[in-house]
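Novice: I'd like to ask some things about the structure below.
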Amino acid sequence: MKKLKELNVHYYAVLREMTGKSEEDIESFAATPGELYKDLAGKYGFPLNSRGIRVSINEEFQGMDATLCSGDCVVFITPVAGG
């Protein structure tokens with residue numbers, strides 16, 4: 001049985017544009033950042049799949065299969081292009 005977690009999620013670049021916010025506190029049953037991203041992509045219509053996204057949990061880079069805990073700060077980092 002999955003537990004409801006309170007998470008602080010930060011958005012940058014295209015994700016910030018699509019959500020209209022830089023961060024939000026959410027409640028989620030997601031066990032991993034991959035599950036959380038999938039839920040948020042469904043809610044906001046994110047155009048990128050999770051394979052192109054990096055994730056930081058509590059200021060440390062993690063894999064999309066890391067375990068989320070209540071109180072975690074999650075940052076999804078999109079690829080950047082430059083010239």
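In the structure tokens, the first chain shown is A, the next is B, and so on; residue numbers restart at 1 for each chain, and ligands run from 1 in the order shown.
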Excluding same-chain residues fewer than 2 positions from region 60-69 of chain A, what lies within 9 Å of it counting only C-alpha atoms, as a list in words?

Specialist: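 Contacts, in chain order: Lys5, Glu6, Leu7, Ala30, Ala31, Thr32, Pro33, Gly34, Glu35, Tyr37, Ser50, Arg51, Ile53, Arg54, Val55, Ser56, Ile57, Asn58, Gly71, Asp72 and Val74 of chain A.
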
Novice: Save the residues we just selected, N, CA and C atoms, as an mmCIF file, in the first residue's frame?

Specialist:
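And here's again.cif as it stands now:
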data_model
loop_
_atom_site.group_PDB
_atom_site.id
_atom_site.type_symbol
_atom_site.label_atom_id
_atom_site.label_comp_id
_atom_site.auth_asym_id
_atom_site.auth_seq_id
_atom_site.Cartn_x
_atom_site.Cartn_y
_atom_site.Cartn_z
ATOM 1 N N LYS A 5 2.376 11.264 0.429
ATOM 2 C CA LYS A 5 3.552 12.040 0.812
ATOM 3 C C LYS A 5 3.309 13.509 0.517
ATOM 4 N N GLU A 6 3.836 14.373 1.384
ATOM 5 C CA GLU A 6 3.837 15.810 1.134
ATOM 6 C C GLU A 6 5.185 16.155 0.526
ATOM 7 N N LEU A 7 5.172 16.732 -0.683
ATOM 8 C CA LEU A 7 6.387 17.034 -1.426
ATOM 9 C C LEU A 7 6.392 18.493 -1.858
ATOM 10 N N ALA A 30 2.951 8.915 -5.296
ATOM 11 C CA ALA A 30 4.089 8.464 -6.103
ATOM 12 C C ALA A 30 5.202 7.946 -5.194
ATOM 13 N N ALA A 31 5.742 6.793 -5.531
ATOM 14 C CA ALA A 31 6.831 6.198 -4.750
ATOM 15 C C ALA A 31 8.199 6.647 -5.243
ATOM 16 N N THR A 32 8.260 7.084 -6.519
ATOM 17 C CA THR A 32 9.534 7.459 -7.136
ATOM 18 C C THR A 32 9.372 8.769 -7.908
ATOM 19 N N PRO A 33 10.484 9.447 -8.219
ATOM 20 C CA PRO A 33 10.384 10.628 -9.061
ATOM 21 C C PRO A 33 9.792 10.320 -10.438
ATOM 22 N N GLY A 34 10.069 9.137 -10.971
ATOM 23 C CA GLY A 34 9.499 8.757 -12.262
ATOM 24 C C GLY A 34 7.982 8.715 -12.219
ATOM 25 N N GLU A 35 7.436 8.140 -11.151
ATOM 26 C CA GLU A 35 5.980 8.098 -10.994
ATOM 27 C C GLU A 35 5.423 9.511 -10.797
ATOM 28 N N TYR A 37 6.744 12.352 -11.861
ATOM 29 C CA TYR A 37 6.811 13.082 -13.129
ATOM 30 C C TYR A 37 5.667 12.657 -14.057
ATOM 31 N N SER A 50 10.168 11.238 -19.328
ATOM 32 C CA SER A 50 11.061 11.272 -18.173
ATOM 33 C C SER A 50 12.497 10.872 -18.506
ATOM 34 N N ARG A 51 12.730 10.232 -19.645
ATOM 35 C CA ARG A 51 14.104 9.831 -20.000
ATOM 36 C C ARG A 51 15.007 11.034 -20.263
ATOM 37 N N ILE A 53 14.835 13.884 -18.603
ATOM 38 C CA ILE A 53 14.768 14.745 -17.421
ATOM 39 C C ILE A 53 15.728 14.221 -16.351
ATOM 40 N N ARG A 54 16.411 15.147 -15.687
ATOM 41 C CA ARG A 54 17.206 14.798 -14.496
ATOM 42 C C ARG A 54 16.392 15.198 -13.280
ATOM 43 N N VAL A 55 16.664 14.566 -12.164
ATOM 44 C CA VAL A 55 15.932 14.888 -10.948
ATOM 45 C C VAL A 55 16.900 15.072 -9.784
ATOM 46 N N SER A 56 16.588 16.044 -8.965
ATOM 47 C CA SER A 56 17.318 16.287 -7.729
ATOM 48 C C SER A 56 16.330 16.135 -6.577
ATOM 49 N N ILE A 57 16.733 15.392 -5.568
ATOM 50 C CA ILE A 57 15.929 15.241 -4.361
ATOM 51 C C ILE A 57 16.758 15.781 -3.205
ATOM 52 N N ASN A 58 16.233 16.784 -2.539
ATOM 53 C CA ASN A 58 16.936 17.408 -1.410
ATOM 54 C C ASN A 58 18.360 17.808 -1.787
ATOM 55 N N GLY A 71 8.116 15.156 2.768
ATOM 56 C CA GLY A 71 8.998 16.259 3.120
ATOM 57 C C GLY A 71 10.108 16.509 2.122
ATOM 58 N N ASP A 72 10.256 15.631 1.119
ATOM 59 C CA ASP A 72 11.313 15.805 0.113
ATOM 60 C C ASP A 72 11.064 17.031 -0.755
ATOM 61 N N VAL A 74 11.757 18.146 -4.469
ATOM 62 C CA VAL A 74 12.031 17.497 -5.753
ATOM 63 C C VAL A 74 12.160 18.570 -6.836
#

Novice: Identify, with DSSP run on backbone atoms, the residues in chain A assigned to strand (DSSP E or B), and express the list as a list in words.

Specialist: Lys5, Glu6, Leu7, Asn8, Val9, His10, Glu23, Glu24, Asp25, Ile26, Glu27, Ser28, Arg54, Val55, Ser56, Ile57, Glu60, Phe61, Gln62, Cys73, Val74, Val75, Phe76 and Ile77 of chain A

Novice: Output N, CA and C atoms of each residue in that selection to a file, as a short mmCIF file (atom, residue, chain, number, x, y, z; two decimals), in the first residue's frame.

Specialist:
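Final output, saved to out05.cif:
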data_model
loop_
_atom_site.label_atom_id
_atom_site.label_comp_id
_atom_site.auth_asym_id
_atom_site.auth_seq_id
_atom_site.Cartn_x
_atom_site.Cartn_y
_atom_site.Cartn_z
N LYS A 5 2.38 11.26 0.43
CA LYS A 5 3.55 12.04 0.81
C LYS A 5 3.31 13.51 0.52
N GLU A 6 3.84 14.37 1.38
CA GLU A 6 3.84 15.81 1.13
C GLU A 6 5.18 16.15 0.53
N LEU A 7 5.17 16.73 -0.68
CA LEU A 7 6.39 17.03 -1.43
C LEU A 7 6.39 18.49 -1.86
N ASN A 8 7.58 19.05 -1.95
CA ASN A 8 7.76 20.39 -2.50
C ASN A 8 8.43 20.21 -3.85
N VAL A 9 7.76 20.61 -4.93
CA VAL A 9 8.27 20.39 -6.28
C VAL A 9 8.62 21.75 -6.89
N HIS A 10 9.84 21.84 -7.46
CA HIS A 10 10.31 23.07 -8.13
C HIS A 10 10.32 22.83 -9.64
N GLU A 23 7.25 26.75 -8.13
CA GLU A 23 7.21 25.63 -7.19
C GLU A 23 5.81 25.46 -6.66
N GLU A 24 5.57 24.28 -6.08
CA GLU A 24 4.30 24.02 -5.43
C GLU A 24 4.47 22.90 -4.42
N ASP A 25 3.65 22.96 -3.38
CA ASP A 25 3.57 21.86 -2.42
C ASP A 25 2.44 20.97 -2.87
N ILE A 26 2.73 19.67 -2.95
CA ILE A 26 1.70 18.74 -3.40
C ILE A 26 1.65 17.53 -2.47
N GLU A 27 0.54 16.82 -2.53
CA GLU A 27 0.41 15.52 -1.88
C GLU A 27 0.34 14.50 -3.00
N SER A 28 1.10 13.42 -2.83
CA SER A 28 1.18 12.42 -3.90
C SER A 28 1.39 11.03 -3.33
N ARG A 54 16.41 15.15 -15.69
CA ARG A 54 17.21 14.80 -14.50
C ARG A 54 16.39 15.20 -13.28
N VAL A 55 16.66 14.57 -12.16
CA VAL A 55 15.93 14.89 -10.95
C VAL A 55 16.90 15.07 -9.78
N SER A 56 16.59 16.04 -8.96
CA SER A 56 17.32 16.29 -7.73
C SER A 56 16.33 16.13 -6.58
N ILE A 57 16.73 15.39 -5.57
CA ILE A 57 15.93 15.24 -4.36
C ILE A 57 16.76 15.78 -3.21
N GLU A 60 20.37 16.71 -4.14
CA GLU A 60 21.28 15.67 -4.62
C GLU A 60 20.68 15.00 -5.84
N PHE A 61 21.48 14.88 -6.90
CA PHE A 61 20.99 14.20 -8.09
C PHE A 61 20.69 12.74 -7.76
N GLN A 62 19.57 12.27 -8.26
CA GLN A 62 19.11 10.90 -8.02
C GLN A 62 18.60 10.33 -9.33
N CYS A 73 12.17 17.66 -1.16
CA CYS A 73 12.15 18.74 -2.15
C CYS A 73 12.62 18.13 -3.47
N VAL A 74 11.76 18.15 -4.47
CA VAL A 74 12.03 17.50 -5.75
C VAL A 74 12.16 18.57 -6.84
N VAL A 75 13.26 18.50 -7.59
CA VAL A 75 13.48 19.43 -8.69
C VAL A 75 13.67 18.63 -9.98
N PHE A 76 12.84 18.90 -10.97
CA PHE A 76 12.98 18.28 -12.28
C PHE A 76 13.76 19.23 -13.17
N ILE A 77 14.84 18.73 -13.78
CA ILE A 77 15.74 19.56 -14.57
C ILE A 77 15.66 19.11 -16.02
#

Novice: Just give me the gap between CA of Pro79 (chain A) and CA of Glu59 (chain A) in Å, one decimal is fine.

Specialist: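 So the two atoms, CA of Pro79 (chain A) and CA of Glu59 (chain A), lie 17.7 Å apart.
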
Novice: Name the closest residue to Gly45 (chain A) among the candidates A:Met1, A:Val80, A:Ala13, A:Met18; distances are taken between atoms, counting only C-alpha atoms.

Specialist: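 Comparing A:Met1, A:Val80, A:Ala13, A:Met18 against Gly45 (chain A), the winner is A:Met18.
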
Novice: Could you jot down the CA of Val14 (chain A) to CA of Thr78 (chain A) separation for me, Å, one decimal place?

Specialist: 7.6 Å

Novice: I'd like to know which of A:Ser70, A:Asn49, A:Leu36, A:Tyr44 is closest to Lys21 (chain A), using only C-alpha atoms.

Specialist: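 Of A:Ser70, A:Asn49, A:Leu36, A:Tyr44, the one nearest Lys21 (chain A) is A:Tyr44, counting only C-alpha atoms.
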